[in-house]
$ cat protein12.cif   # mmCIF, C-alpha atoms and all ligand atoms
data_target
loop_
_atom_site.label_atom_id
_atom_site.label_comp_id
_atom_site.auth_asym_id
_atom_site.auth_seq_id
_atom_site.Cartn_x
_atom_site.Cartn_y
_atom_site.Cartn_z
CA MET K 1 -95.82 -173.36 68.97
CA THR K 2 -93.88 -174.79 66.03
CA TRP K 3 -90.90 -172.87 64.65
CA HIS K 4 -91.07 -172.98 60.86
CA ILE K 5 -87.73 -172.24 59.23
CA LEU K 6 -87.76 -170.97 55.64
CA GLY K 7 -84.24 -170.84 54.22
CA ALA K 8 -82.37 -173.88 55.50
CA GLY K 9 -78.96 -172.39 54.67
CA SER K 10 -76.19 -171.39 57.09
CA LEU K 11 -78.06 -169.32 59.65
CA GLY K 12 -81.43 -171.04 59.18
CA SER K 13 -79.81 -174.42 59.88
CA LEU K 14 -77.90 -173.01 62.85
CA TRP K 15 -81.13 -171.75 64.41
CA ALA K 16 -83.09 -174.90 63.51
CA ALA K 17 -80.48 -177.26 65.02
CA ARG K 18 -80.23 -175.30 68.27
CA LEU K 19 -84.03 -175.06 68.65
CA ALA K 20 -84.39 -178.79 67.95
CA ARG K 21 -81.57 -179.60 70.38
CA ALA K 22 -83.54 -177.78 73.09
CA GLY K 23 -86.56 -180.02 72.38
CA LEU K 24 -88.62 -177.27 70.73
CA PRO K 25 -90.86 -178.18 67.78
CA VAL K 26 -89.19 -177.17 64.50
CA ARG K 27 -90.09 -177.76 60.84
CA LEU K 28 -87.95 -176.88 57.85
CA ILE K 29 -89.62 -175.60 54.69
CA LEU K 30 -87.62 -176.69 51.65
CA ARG K 31 -87.98 -175.16 48.24
CA ASN K 32 -89.09 -178.18 46.18
CA ARG K 33 -89.41 -181.97 46.02
CA GLN K 34 -85.80 -182.41 44.93
CA ARG K 35 -84.51 -180.55 48.00
CA LEU K 36 -86.89 -182.48 50.23
CA GLU K 37 -85.65 -185.78 48.79
CA ALA K 38 -81.99 -184.73 49.19
CA TYR K 39 -82.73 -183.77 52.80
CA ARG K 40 -84.35 -187.14 53.49
CA GLN K 41 -81.30 -188.88 51.99
CA ALA K 42 -79.04 -186.83 54.30
CA GLY K 43 -81.07 -188.04 57.29
CA GLY K 44 -81.40 -184.59 58.85
CA LEU K 45 -79.41 -181.47 59.61
CA THR K 46 -75.90 -181.76 60.99
CA LEU K 47 -74.58 -179.04 63.30
CA ILE K 48 -70.81 -178.88 63.70
CA GLU K 49 -69.84 -176.92 66.78
CA ALA K 50 -66.37 -176.84 68.35
CA GLY K 51 -65.37 -179.72 66.06
CA GLN K 52 -68.25 -181.95 67.26
CA ALA K 53 -70.92 -183.02 64.76
CA GLN K 54 -74.48 -183.79 65.83
CA ARG K 55 -77.35 -184.70 63.52
CA PHE K 56 -80.95 -183.64 64.08
CA ALA K 57 -83.76 -185.38 62.20
CA ILE K 58 -85.89 -182.24 61.99
CA PRO K 59 -89.12 -182.77 60.02
CA ALA K 60 -89.23 -180.98 56.68
CA GLU K 61 -92.02 -180.03 54.30
CA LEU K 62 -92.76 -178.13 51.09
CA PRO K 63 -94.05 -174.54 50.97
CA GLN K 64 -97.42 -175.81 49.76
CA ALA K 65 -98.04 -178.02 52.83
CA HIS K 66 -101.35 -177.27 54.54
CA ALA K 67 -100.67 -176.67 58.22
CA PRO K 68 -100.98 -173.01 59.23
CA ILE K 69 -97.79 -171.19 60.21
CA HIS K 70 -97.82 -169.16 63.41
CA ARG K 71 -94.10 -168.47 63.79
CA LEU K 72 -91.60 -168.33 60.96
CA LEU K 73 -87.88 -167.65 60.82
CA LEU K 74 -87.04 -166.32 57.36
CA ALA K 75 -83.33 -166.99 56.91
CA CYS K 76 -82.67 -166.51 53.20
CA LYS K 77 -80.61 -163.82 51.44
CA ALA K 78 -82.18 -160.36 51.25
CA TYR K 79 -82.77 -160.68 47.49
CA ASP K 80 -84.81 -163.90 47.97
CA ALA K 81 -86.90 -162.72 50.92
CA GLN K 82 -90.05 -161.41 49.23
CA GLN K 83 -90.38 -164.37 46.87
CA ALA K 84 -89.70 -166.91 49.63
CA VAL K 85 -92.41 -165.40 51.84
CA ALA K 86 -94.84 -165.28 48.91
CA SER K 87 -94.45 -169.07 48.57
CA ILE K 88 -95.93 -169.65 52.07
CA ALA K 89 -98.05 -166.48 52.47
CA ARG K 90 -101.41 -168.23 52.25
CA ARG K 91 -100.40 -170.49 55.16
CA LEU K 92 -99.64 -167.61 57.53
CA ALA K 93 -102.19 -167.35 60.33
CA PRO K 94 -103.50 -163.86 61.11
CA GLY K 95 -101.22 -162.44 63.79
CA ALA K 96 -98.43 -164.88 62.91
CA GLU K 97 -94.95 -163.68 63.82
CA LEU K 98 -92.07 -163.64 61.33
CA LEU K 99 -88.42 -163.14 62.23
CA LEU K 100 -86.69 -161.57 59.26
CA LEU K 101 -83.02 -162.49 59.44
CA GLN K 102 -81.56 -160.58 56.50
CA ASN K 103 -78.50 -158.41 56.30
CA GLY K 104 -78.82 -154.80 55.18
CA LEU K 105 -82.05 -152.87 54.77
CA GLY K 106 -84.89 -152.82 52.29
CA SER K 107 -85.96 -156.46 52.17
CA GLN K 108 -87.57 -156.33 55.64
CA ASP K 109 -89.86 -153.42 54.70
CA ALA K 110 -90.74 -155.08 51.41
CA VAL K 111 -91.81 -158.28 53.22
CA ALA K 112 -93.65 -156.38 55.98
CA ARG K 113 -95.59 -154.35 53.37
CA ASP K 114 -96.82 -157.61 51.83
CA LEU K 115 -98.05 -158.91 55.22
CA PRO K 116 -100.28 -156.32 56.92
CA ALA K 117 -102.01 -159.01 59.04
CA GLN K 118 -98.81 -160.45 60.54
CA ARG K 119 -96.11 -159.14 62.89
CA CYS K 120 -92.66 -158.82 61.35
CA LEU K 121 -89.70 -158.76 63.72
CA PHE K 122 -86.35 -157.68 62.30
CA VAL K 123 -83.18 -159.52 63.33
CA SER K 124 -79.60 -158.29 63.08
CA SER K 125 -77.05 -161.05 63.60
CA THR K 126 -73.32 -161.07 64.18
CA GLU K 127 -73.17 -164.86 64.50
CA GLY K 128 -71.13 -166.67 61.86
CA ALA K 129 -71.97 -169.93 60.11
CA PHE K 130 -71.18 -171.67 56.86
CA ARG K 131 -72.20 -174.84 55.04
CA PRO K 132 -69.36 -177.29 54.28
CA ALA K 133 -71.94 -179.53 52.52
CA ASP K 134 -75.67 -179.67 51.93
CA PHE K 135 -77.62 -179.85 55.18
CA GLN K 136 -74.49 -179.42 57.29
CA VAL K 137 -73.64 -176.23 59.13
CA VAL K 138 -70.54 -175.12 60.97
CA PHE K 139 -71.07 -172.67 63.82
CA ALA K 140 -68.03 -170.55 63.01
CA GLY K 141 -68.40 -167.43 65.13
CA GLN K 142 -70.14 -166.61 68.39
CA GLY K 143 -72.07 -163.39 68.18
CA GLN K 144 -75.28 -161.66 69.06
CA ASN K 145 -78.78 -161.58 67.58
CA TRP K 146 -80.65 -158.33 68.08
CA LEU K 147 -84.40 -158.63 67.61
CA GLY K 148 -86.90 -155.80 67.42
CA ASP K 149 -90.12 -154.56 65.90
CA PRO K 150 -90.04 -151.03 64.44
CA HIS K 151 -93.78 -150.70 65.16
CA ASP K 152 -94.00 -152.17 68.66
CA PRO K 153 -91.36 -151.91 71.40
CA GLN K 154 -92.91 -154.81 73.41
CA PRO K 155 -90.82 -157.99 73.28
CA PRO K 156 -92.70 -161.23 72.56
CA ALA K 157 -93.12 -163.71 75.42
CA TRP K 158 -91.31 -166.50 73.53
CA LEU K 159 -87.86 -164.88 73.75
CA SER K 160 -87.29 -167.29 76.66
CA GLU K 161 -87.34 -170.12 74.08
CA LEU K 162 -84.25 -168.62 72.45
CA GLN K 163 -82.63 -168.44 75.87
CA HIS K 164 -83.51 -172.08 76.45
CA ALA K 165 -82.02 -173.00 73.04
CA GLY K 166 -78.78 -171.14 73.81
CA ILE K 167 -79.35 -168.63 70.99
CA THR K 168 -77.65 -165.48 72.19
CA HIS K 169 -80.04 -162.61 71.73
CA GLN K 170 -81.12 -159.23 72.97
CA TRP K 171 -84.37 -157.36 72.45
CA SER K 172 -83.71 -154.04 70.77
CA PRO K 173 -86.36 -151.32 71.12
CA ASP K 174 -84.63 -149.51 68.23
CA ILE K 175 -83.83 -152.30 65.79
CA LEU K 176 -83.61 -149.91 62.84
CA ALA K 177 -80.66 -148.15 64.50
CA ARG K 178 -78.93 -151.56 64.86
CA LEU K 179 -79.57 -152.43 61.23
CA TRP K 180 -78.43 -149.02 60.00
CA ARG K 181 -75.26 -149.24 62.08
CA LYS K 182 -74.45 -152.70 60.68
CA LEU K 183 -75.22 -151.48 57.17
CA ALA K 184 -72.81 -148.58 57.66
CA LEU K 185 -70.08 -150.93 58.92
CA ASN K 186 -70.65 -153.21 55.94
CA CYS K 187 -70.54 -150.25 53.52
CA ALA K 188 -67.25 -149.00 54.97
CA ILE K 189 -65.56 -152.41 54.87
CA ASN K 190 -67.04 -154.93 52.46
CA PRO K 191 -66.85 -153.13 49.07
CA LEU K 192 -63.22 -152.11 49.65
CA THR K 193 -62.24 -155.68 50.50
CA VAL K 194 -63.73 -156.73 47.16
CA LEU K 195 -62.04 -153.95 45.18
CA TYR K 196 -58.63 -154.52 46.81
CA ASP K 197 -59.19 -158.30 46.94
CA CYS K 198 -58.04 -158.38 50.54
CA ARG K 199 -58.83 -159.52 54.06
CA ASN K 200 -60.51 -157.02 56.39
CA GLY K 201 -57.24 -156.29 58.21
CA GLU K 202 -55.53 -155.04 55.05
CA LEU K 203 -57.90 -152.07 54.99
CA ALA K 204 -55.67 -150.59 57.71
CA GLY K 205 -53.44 -149.72 54.74
CA HIS K 206 -56.29 -147.70 53.13
CA SER K 207 -57.01 -145.54 56.15
CA VAL K 208 -57.68 -142.29 54.28
CA GLU K 209 -60.29 -143.91 52.06
CA VAL K 210 -61.92 -145.65 55.02
CA ALA K 211 -62.02 -142.37 56.97
CA SER K 212 -63.63 -140.41 54.14
CA LEU K 213 -66.24 -143.14 53.60
CA CYS K 214 -67.02 -143.06 57.32
CA SER K 215 -67.57 -139.31 57.31
CA GLU K 216 -70.03 -139.64 54.41
CA LEU K 217 -71.77 -142.55 56.14
CA VAL K 218 -72.12 -140.42 59.29
CA ALA K 219 -73.72 -137.66 57.17
CA LEU K 220 -76.05 -140.26 55.63
CA LEU K 221 -77.12 -141.73 58.98
CA GLN K 222 -77.75 -138.27 60.41
CA GLY K 223 -79.68 -137.24 57.30
CA CYS K 224 -81.83 -140.36 57.59
CA GLY K 225 -82.75 -139.63 61.24
CA GLN K 226 -80.29 -142.21 62.60
CA ALA K 227 -78.01 -139.94 64.61
CA ALA K 228 -77.49 -142.56 67.35
CA ALA K 229 -76.30 -145.09 64.77
CA ALA K 230 -73.76 -142.53 63.54
CA GLU K 231 -71.98 -142.07 66.86
CA HIS K 232 -68.29 -143.05 66.82
CA LEU K 233 -68.77 -144.89 63.52
CA HIS K 234 -65.18 -144.43 62.38
CA GLU K 235 -63.75 -145.82 65.64
CA ASP K 236 -66.11 -148.79 65.39
CA VAL K 237 -65.11 -149.48 61.78
CA LEU K 238 -61.43 -149.45 62.79
CA ARG K 239 -62.23 -151.76 65.72
CA VAL K 240 -64.01 -154.24 63.41
CA ILE K 241 -61.19 -154.09 60.84
CA HIS K 242 -58.77 -154.95 63.62
CA ALA K 243 -60.96 -157.58 65.33
CA THR K 244 -61.72 -159.38 62.05
CA ALA K 245 -58.33 -158.72 60.44
CA ALA K 246 -57.80 -162.32 59.31
CA ASN K 247 -61.30 -162.72 57.81
CA TYR K 248 -62.60 -162.12 54.34
CA SER K 249 -65.80 -160.05 54.43
CA SER K 250 -69.05 -161.72 53.43
CA MET K 251 -69.16 -159.71 50.20
CA HIS K 252 -65.60 -160.73 49.35
CA GLN K 253 -66.57 -164.38 49.91
CA ASP K 254 -69.64 -163.99 47.69
CA VAL K 255 -67.62 -162.47 44.84
CA ALA K 256 -64.74 -164.95 45.21
CA GLN K 257 -67.24 -167.82 44.95
CA GLY K 258 -69.08 -166.28 42.00
CA ARG K 259 -72.27 -165.75 44.03
CA ARG K 260 -74.68 -162.86 43.88
CA THR K 261 -73.97 -160.20 46.52
CA GLU K 262 -76.52 -158.36 48.66
CA LEU K 263 -75.31 -155.06 47.17
CA SER K 264 -78.80 -153.57 46.66
CA TYR K 265 -79.53 -153.98 50.36
CA LEU K 266 -76.17 -152.56 51.53
CA LEU K 267 -74.25 -149.94 49.53
CA GLY K 268 -77.06 -149.74 46.95
CA TYR K 269 -79.58 -149.02 49.72
CA ALA K 270 -77.24 -146.41 51.23
CA CYS K 271 -76.77 -144.59 47.91
CA ALA K 272 -80.52 -144.65 47.16
CA ALA K 273 -81.27 -143.28 50.64
CA ALA K 274 -78.72 -140.49 50.09
CA ARG K 275 -80.39 -139.53 46.82
CA ARG K 276 -83.84 -139.49 48.50
CA GLN K 277 -82.43 -137.14 51.15
CA GLN K 278 -80.73 -135.05 48.42
CA LEU K 279 -77.37 -135.64 50.06
CA HIS K 280 -74.32 -135.39 47.83
CA LEU K 281 -71.98 -138.21 48.92
CA PRO K 282 -69.39 -138.57 46.14
CA GLN K 283 -67.18 -141.19 47.83
CA LEU K 284 -70.10 -143.55 48.37
CA GLU K 285 -71.42 -142.98 44.83
CA GLN K 286 -67.99 -143.62 43.37
CA LEU K 287 -67.56 -146.74 45.50
CA GLN K 288 -70.86 -148.09 44.17
CA GLN K 289 -69.80 -147.39 40.57
CA ARG K 290 -66.42 -149.08 41.09
CA LEU K 291 -68.10 -152.09 42.66
CA ILE K 292 -70.67 -152.38 39.86
CA LYS K 293 -67.87 -152.24 37.28
CA HIS K 294 -65.98 -154.94 39.20
CA LEU K 295 -69.05 -157.19 39.32
CA ARG K 296 -69.87 -156.59 35.65
CA GLU K 297 -66.32 -157.58 34.63
CA ARG K 298 -66.82 -160.87 36.49
CA GLY K 299 -70.26 -161.52 35.01
CA LEU K 300 -71.94 -161.27 38.42
CA PRO K 301 -75.39 -159.76 39.06
CA LEU K 302 -75.21 -155.99 39.61
CA ASP K 303 -77.99 -155.79 42.20
P1 LIG E 401 -77.50 -169.06 52.81
O1 LIG E 401 -77.36 -168.75 51.36
O2 LIG E 401 -76.55 -169.98 53.46
O3 LIG E 401 -78.96 -169.66 53.06
C1 LIG E 401 -80.11 -169.18 52.47
C2 LIG E 401 -80.99 -170.36 52.18
O4 LIG E 401 -82.27 -169.88 51.77
C3 LIG E 401 -80.47 -171.25 51.04
O5 LIG E 401 -80.45 -172.59 51.49
C4 LIG E 401 -81.50 -171.06 49.95
O6 LIG E 401 -81.70 -172.22 49.15
C5 LIG E 401 -82.74 -170.77 50.78
N1 LIG E 401 -83.83 -170.16 50.02
C6 LIG E 401 -83.79 -169.06 49.23
N2 LIG E 401 -84.99 -168.85 48.67
C7 LIG E 401 -85.81 -169.85 49.11
C8 LIG E 401 -87.16 -170.20 48.86
N3 LIG E 401 -87.94 -169.47 48.05
N4 LIG E 401 -87.67 -171.29 49.48
C9 LIG E 401 -86.91 -172.04 50.30
N5 LIG E 401 -85.61 -171.77 50.57
C10 LIG E 401 -85.07 -170.68 49.98
O7 LIG E 401 -77.56 -167.66 53.56
P2 LIG E 401 -77.07 -167.31 55.03
O8 LIG E 401 -75.58 -167.23 55.05
O9 LIG E 401 -77.74 -168.20 56.03
O10 LIG E 401 -77.59 -165.82 55.15
C11 LIG E 401 -78.93 -165.47 55.43
C12 LIG E 401 -78.94 -163.98 55.76
O11 LIG E 401 -78.20 -163.79 56.96
C13 LIG E 401 -78.23 -163.13 54.69
O12 LIG E 401 -78.88 -161.89 54.56
C14 LIG E 401 -76.83 -162.93 55.26
O13 LIG E 401 -76.19 -161.75 54.83
C15 LIG E 401 -77.14 -162.85 56.76
N6 LIG E 401 -76.00 -163.22 57.62
C16 LIG E 401 -75.32 -164.39 57.42
C17 LIG E 401 -74.29 -164.72 58.28
C18 LIG E 401 -73.51 -166.03 58.12
O14 LIG E 401 -72.54 -166.23 58.85
N7 LIG E 401 -73.88 -166.93 57.24
C19 LIG E 401 -73.95 -163.88 59.34
C20 LIG E 401 -74.69 -162.70 59.54
C21 LIG E 401 -75.72 -162.39 58.66
O1 LIG E 402 -70.41 -158.14 58.78
C1 LIG E 402 -69.33 -158.22 58.20
C2 LIG E 402 -69.32 -158.90 56.88
O2 LIG E 402 -68.29 -159.41 56.45
O3 LIG E 402 -70.40 -158.92 56.25
C3 LIG E 402 -68.11 -157.59 58.80
C4 LIG E 402 -67.21 -158.65 59.39
C5 LIG E 402 -68.52 -156.65 59.94
C6 LIG E 402 -67.37 -156.78 57.80
O4 LIG E 402 -68.15 -155.75 57.32
#
$ encode --input "protein12.cif" --output "structure tokens"
Amino acid sequence: MTWHILGAGSLGSLWAARLARAGLPVRLILRNRQRLEAYRQAGGLTLIEAGQAQRFAIPAELPQAHAPIHRLLLACKAYDAQQAVASIARRLAPGAELLLLQNGLGSQDAVARDLPAQRCLFVSSTEGAFRPADFQVVFAGQGQNWLGDPHDPQPPAWLSELQHAGITHQWSPDILARLWRKLALNCAINPLTVLYDCRNGELAGHSVEVASLCSELVALLQGCGQAAAAEHLHEDVLRVIHATAANYSSMHQDVAQGRRTELSYLLGYACAAARRQQLHLPQLEQLQQRLIKHLRERGLPLD
């Protein structure tokens, strides 16, 4: 079964290169002819791991190619997910499986709603990768990929292929709890690093603010039926701040590089969920307003 990869960015390339390295059939789907031509000029995807570069001449195609798709990794940003899937939707075989590798919440449900005849698996990843150049990816941080299906606790048989490819993963019967927990961690850390223009570790100096955000996030998770995801949240946030002290959060990196953030799928999603549950969470609301003001002042998209 061919692995189609839509979104040949950092994580998409990291998955594609490891699958190809294991001898599994992989095809990249690139946005347009220009990207396809640039990819051909590059001669393939280069994976840089532990300082060693290796190039993989993975075949690539356009969204409008004809072959049916049975398995697809969607590895674009949350705000691109629905449109990217729409570009290949008519090629999806009935019963095809999609792995939705997006941070935050909201985009996965939007994609799954559009595809009632396919199975959508949700993925939460703590691996780290970045692109030093087009079609090159640096594997920058070992981590874990949790996979799950909110509608079916049975793992698919092909998980062994990930094992074979050395893609660290675990099947999660409650993937929504994983995604909510990660969203809460991101809400407690990322916006503050943008507002204080600091590395994660410097949030240790804003402990009162972090603590009050965590208590509102706990109330939110509990109110949204995610009590398990709320357990020991504050301790976990402090652990992550400490463990990633030298790093800039992903949202900080996006803002520093003038890129759109995934705000609507992180803090924006949290605030909308709070309103739906009629929860009054003033710290979170205020954080969202401060962040929106910050983005507006820099001419960045507010969603
Ligand atoms: P990225 O921006 O590096 O890659 C996304 C790719 O998708 C880009 O190459 C873009 O051109 C492509 N794309 C977008 N729309 C497309 C379309 N319609 N057709 C074809 N290609 C399209 O993003 P990333 O860093 O790999 O992140 C993907 C997701 O994973 C995000 O939600 C991110 O938050 C999450 N994540 C990333 C990391 C990381 O270390 N990079 C870690 C954990 C989670
Ligand atoms: O996931 C993260 C990010 O930067 O997006 C961490 C490191 C957990 C900070 O929230």
$ residues_near_ligand --input "protein12.cif" --ligand "ligand LIG 402 (chain E)" --cutoff "6 Å" --atoms "all atoms listed in the file" --output "number ranges by chain"
K: 185-186, 189-190, 249-250
$ closest_atom_pairs --input "protein12.cif" --of "region 136-222 of chain K" --to "region 266-273 of chain K" --cutoff "8 Å" --atoms "all atoms listed in the file" --output "CSV"
residue,atom,partner,partner_atom,distance
K:Leu183,CA,K:Leu266,CA,5.8
K:Asn186,CA,K:Leu266,CA,7.1
K:Cys187,CA,K:Leu267,CA,5.5
K:Leu220,CA,K:Ala270,CA,7.7
$ closest_residue --input "protein12.cif" --among "K:Leu99, K:Ala50, K:Ala60, K:Val218" --to "Val138 (chain K)" --atoms "all atoms listed in the file"
K:Ala50
$ residues_near_ligand --input "protein12.cif" --ligand "ligand LIG 401 (chain E)" --cutoff "8 Å" --atoms "all atoms listed in the file" --output "ChimeraX atom specification"
/K:6-13,29-32,63,75-78,80-81,83-85,87,101-104,124-131,140-141,250,262
$ residues_around --input "protein12.cif" --residues "Arg290 (chain K)" --least-positions-apart "5" --cutoff "9 Å" --atoms "all atoms listed in the file" --output "list in words"
Pro191, Leu195, Glu285 and Leu295 of chain K
$ closest_residue --input "protein12.cif" --among "K:Gln108, K:Thr244, K:Asn145, K:Thr2" --to "Gly23 (chain K)" --atoms "all atoms listed in the file"
K:Thr2
$ atom_distance --input "protein12.cif" --atom1 "CA of Tyr265 (chain K)" --atom2 "CA of Glu235 (chain K)"
23.4 Å
$ closest_residue --input "protein12.cif" --among "K:Arg239, K:Arg199, K:Ala274, K:Gly205" --to "Gly223 (chain K)" --atoms "all atoms listed in the file"
K:Ala274
$ atom_distance --input "protein12.cif" --atom1 "CA of Gly44 (chain K)" --atom2 "CA of Ala57 (chain K)"
4.2 Å
$ closest_residue --input "protein12.cif" --among "K:Ala230, K:Asp236, K:Arg27, K:Tyr79" --to "Ala110 (chain K)" --atoms "all atoms listed in the file"
K:Tyr79
$ residues_around --input "protein12.cif" --residues "Cys120 (chain K)" --least-positions-apart "6" --cutoff "12 Å" --atoms "only C-alpha atoms" --output "MDAnalysis selection string"
chainID K and resid 70:74 85 92 94:101 107:114 147:152 156 175
$ write_last_selection --input "protein12.cif" --atoms "C-alpha atoms" --output "compact mmCIF listing (two decimals), in the frame of the given file"
# COMPACT_ATOMS: atom_id res chain seq x y z
CA HIS K 70 -97.82 -169.16 63.41
CA ARG K 71 -94.10 -168.47 63.79
CA LEU K 72 -91.60 -168.33 60.96
CA LEU K 73 -87.88 -167.65 60.82
CA LEU K 74 -87.04 -166.32 57.36
CA VAL K 85 -92.41 -165.40 51.84
CA LEU K 92 -99.64 -167.61 57.53
CA PRO K 94 -103.50 -163.86 61.11
CA GLY K 95 -101.22 -162.44 63.79
CA ALA K 96 -98.43 -164.88 62.91
CA GLU K 97 -94.95 -163.68 63.82
CA LEU K 98 -92.07 -163.64 61.33
CA LEU K 99 -88.42 -163.14 62.23
CA LEU K 100 -86.69 -161.57 59.26
CA LEU K 101 -83.02 -162.49 59.44
CA SER K 107 -85.96 -156.46 52.17
CA GLN K 108 -87.57 -156.33 55.64
CA ASP K 109 -89.86 -153.42 54.70
CA ALA K 110 -90.74 -155.08 51.41
CA VAL K 111 -91.81 -158.28 53.22
CA ALA K 112 -93.65 -156.38 55.98
CA ARG K 113 -95.59 -154.35 53.37
CA ASP K 114 -96.82 -157.61 51.83
CA LEU K 147 -84.40 -158.63 67.61
CA GLY K 148 -86.90 -155.80 67.42
CA ASP K 149 -90.12 -154.56 65.90
CA PRO K 150 -90.04 -151.03 64.44
CA HIS K 151 -93.78 -150.70 65.16
CA ASP K 152 -94.00 -152.17 68.66
CA PRO K 156 -92.70 -161.23 72.56
CA ILE K 175 -83.83 -152.30 65.79
$ residues_around --input "protein12.cif" --residues "region 33-42 of chain K" --least-positions-apart "5" --cutoff "10 Å" --atoms "all atoms listed in the file" --output "PyMOL selection string"
chain K and resi 28+55+57-62+134-136
$ write_last_selection --input "protein12.cif" --atoms "C-alpha atoms" --output "PDB file, in the frame of the given file"
ATOM      1  CA  LEU K  28     -87.950-176.880  57.850  1.00  0.00           C
ATOM      2  CA  ARG K  55     -77.350-184.700  63.520  1.00  0.00           C
ATOM      3  CA  ALA K  57     -83.760-185.380  62.200  1.00  0.00           C
ATOM      4  CA  ILE K  58     -85.890-182.240  61.990  1.00  0.00           C
ATOM      5  CA  PRO K  59     -89.120-182.770  60.020  1.00  0.00           C
ATOM      6  CA  ALA K  60     -89.230-180.980  56.680  1.00  0.00           C
ATOM      7  CA  GLU K  61     -92.020-180.030  54.300  1.00  0.00           C
ATOM      8  CA  LEU K  62     -92.760-178.130  51.090  1.00  0.00           C
ATOM      9  CA  ASP K 134     -75.670-179.670  51.930  1.00  0.00           C
ATOM     10  CA  PHE K 135     -77.620-179.850  55.180  1.00  0.00           C
ATOM     11  CA  GLN K 136     -74.490-179.420  57.290  1.00  0.00           C
TER      12      GLN K 136
END
$ atom_distance --input "protein12.cif" --atom1 "CA of Glu209 (chain K)" --atom2 "CA of His294 (chain K)"
17.9 Å
$ closest_residue --input "protein12.cif" --among "K:Thr46, K:Gln283, K:Thr193, K:Gln288" --to "Leu217 (chain K)" --atoms "all atoms listed in the file"
K:Gln283
$ closest_residue --input "protein12.cif" --among "K:Ala53, K:His252, K:Val26, K:Arg298" --to "Phe139 (chain K)" --atoms "all atoms listed in the file"
K:Ala53
$ decode --input "protein12.cif" --residues "region 135-146 of chain K" --atoms "N, CA, C and O atoms" --output "CSV table (one decimal), in the first residue's frame"
chain,number,residue,atom,x,y,z
K,135,PHE,N,13.1,21.2,0.4
K,135,PHE,CA,13.2,19.7,0.3
K,135,PHE,C,14.4,19.1,1.1
K,135,PHE,O,15.0,18.1,0.7
K,136,GLN,N,14.7,19.8,2.1
K,136,GLN,CA,15.7,19.3,3.1
K,136,GLN,C,15.0,19.4,4.5
K,136,GLN,O,14.3,20.3,4.8
K,137,VAL,N,15.3,18.3,5.3
K,137,VAL,CA,14.7,18.4,6.6
K,137,VAL,C,15.7,17.9,7.6
K,137,VAL,O,16.4,17.0,7.4
K,138,VAL,N,15.7,18.7,8.8
K,138,VAL,CA,16.6,18.3,9.9
K,138,VAL,C,15.7,17.6,10.9
K,138,VAL,O,14.7,18.2,11.4
K,139,PHE,N,16.1,16.4,11.3
K,139,PHE,CA,15.4,15.8,12.4
K,139,PHE,C,16.0,16.3,13.7
K,139,PHE,O,17.1,15.9,14.1
K,140,ALA,N,15.2,17.3,14.4
K,140,ALA,CA,15.9,18.1,15.4
K,140,ALA,C,15.5,17.6,16.8
K,140,ALA,O,16.2,18.0,17.8
K,141,GLY,N,14.5,16.8,17.0
K,141,GLY,CA,14.1,16.4,18.3
K,141,GLY,C,13.4,15.0,18.3
K,141,GLY,O,12.3,14.9,17.6
K,142,GLN,N,13.9,14.1,19.0
K,142,GLN,CA,13.2,12.8,19.2
K,142,GLN,C,12.0,13.0,19.9
K,142,GLN,O,11.9,13.9,20.8
K,143,GLY,N,10.9,12.3,19.6
K,143,GLY,CA,9.7,12.4,20.4
K,143,GLY,C,8.8,11.2,20.1
K,143,GLY,O,9.3,10.2,19.8
K,144,GLN,N,7.5,11.5,20.3
K,144,GLN,CA,6.5,10.4,20.2
K,144,GLN,C,5.4,10.8,19.3
K,144,GLN,O,5.1,12.0,19.2
K,145,ASN,N,4.9,9.9,18.5
K,145,ASN,CA,3.7,10.1,17.7
K,145,ASN,C,2.5,9.3,18.3
K,145,ASN,O,2.6,8.1,18.3
K,146,TRP,N,1.5,10.0,18.8
K,146,TRP,CA,0.3,9.2,19.3
K,146,TRP,C,-0.7,9.2,18.2
K,146,TRP,O,-1.0,10.3,17.6
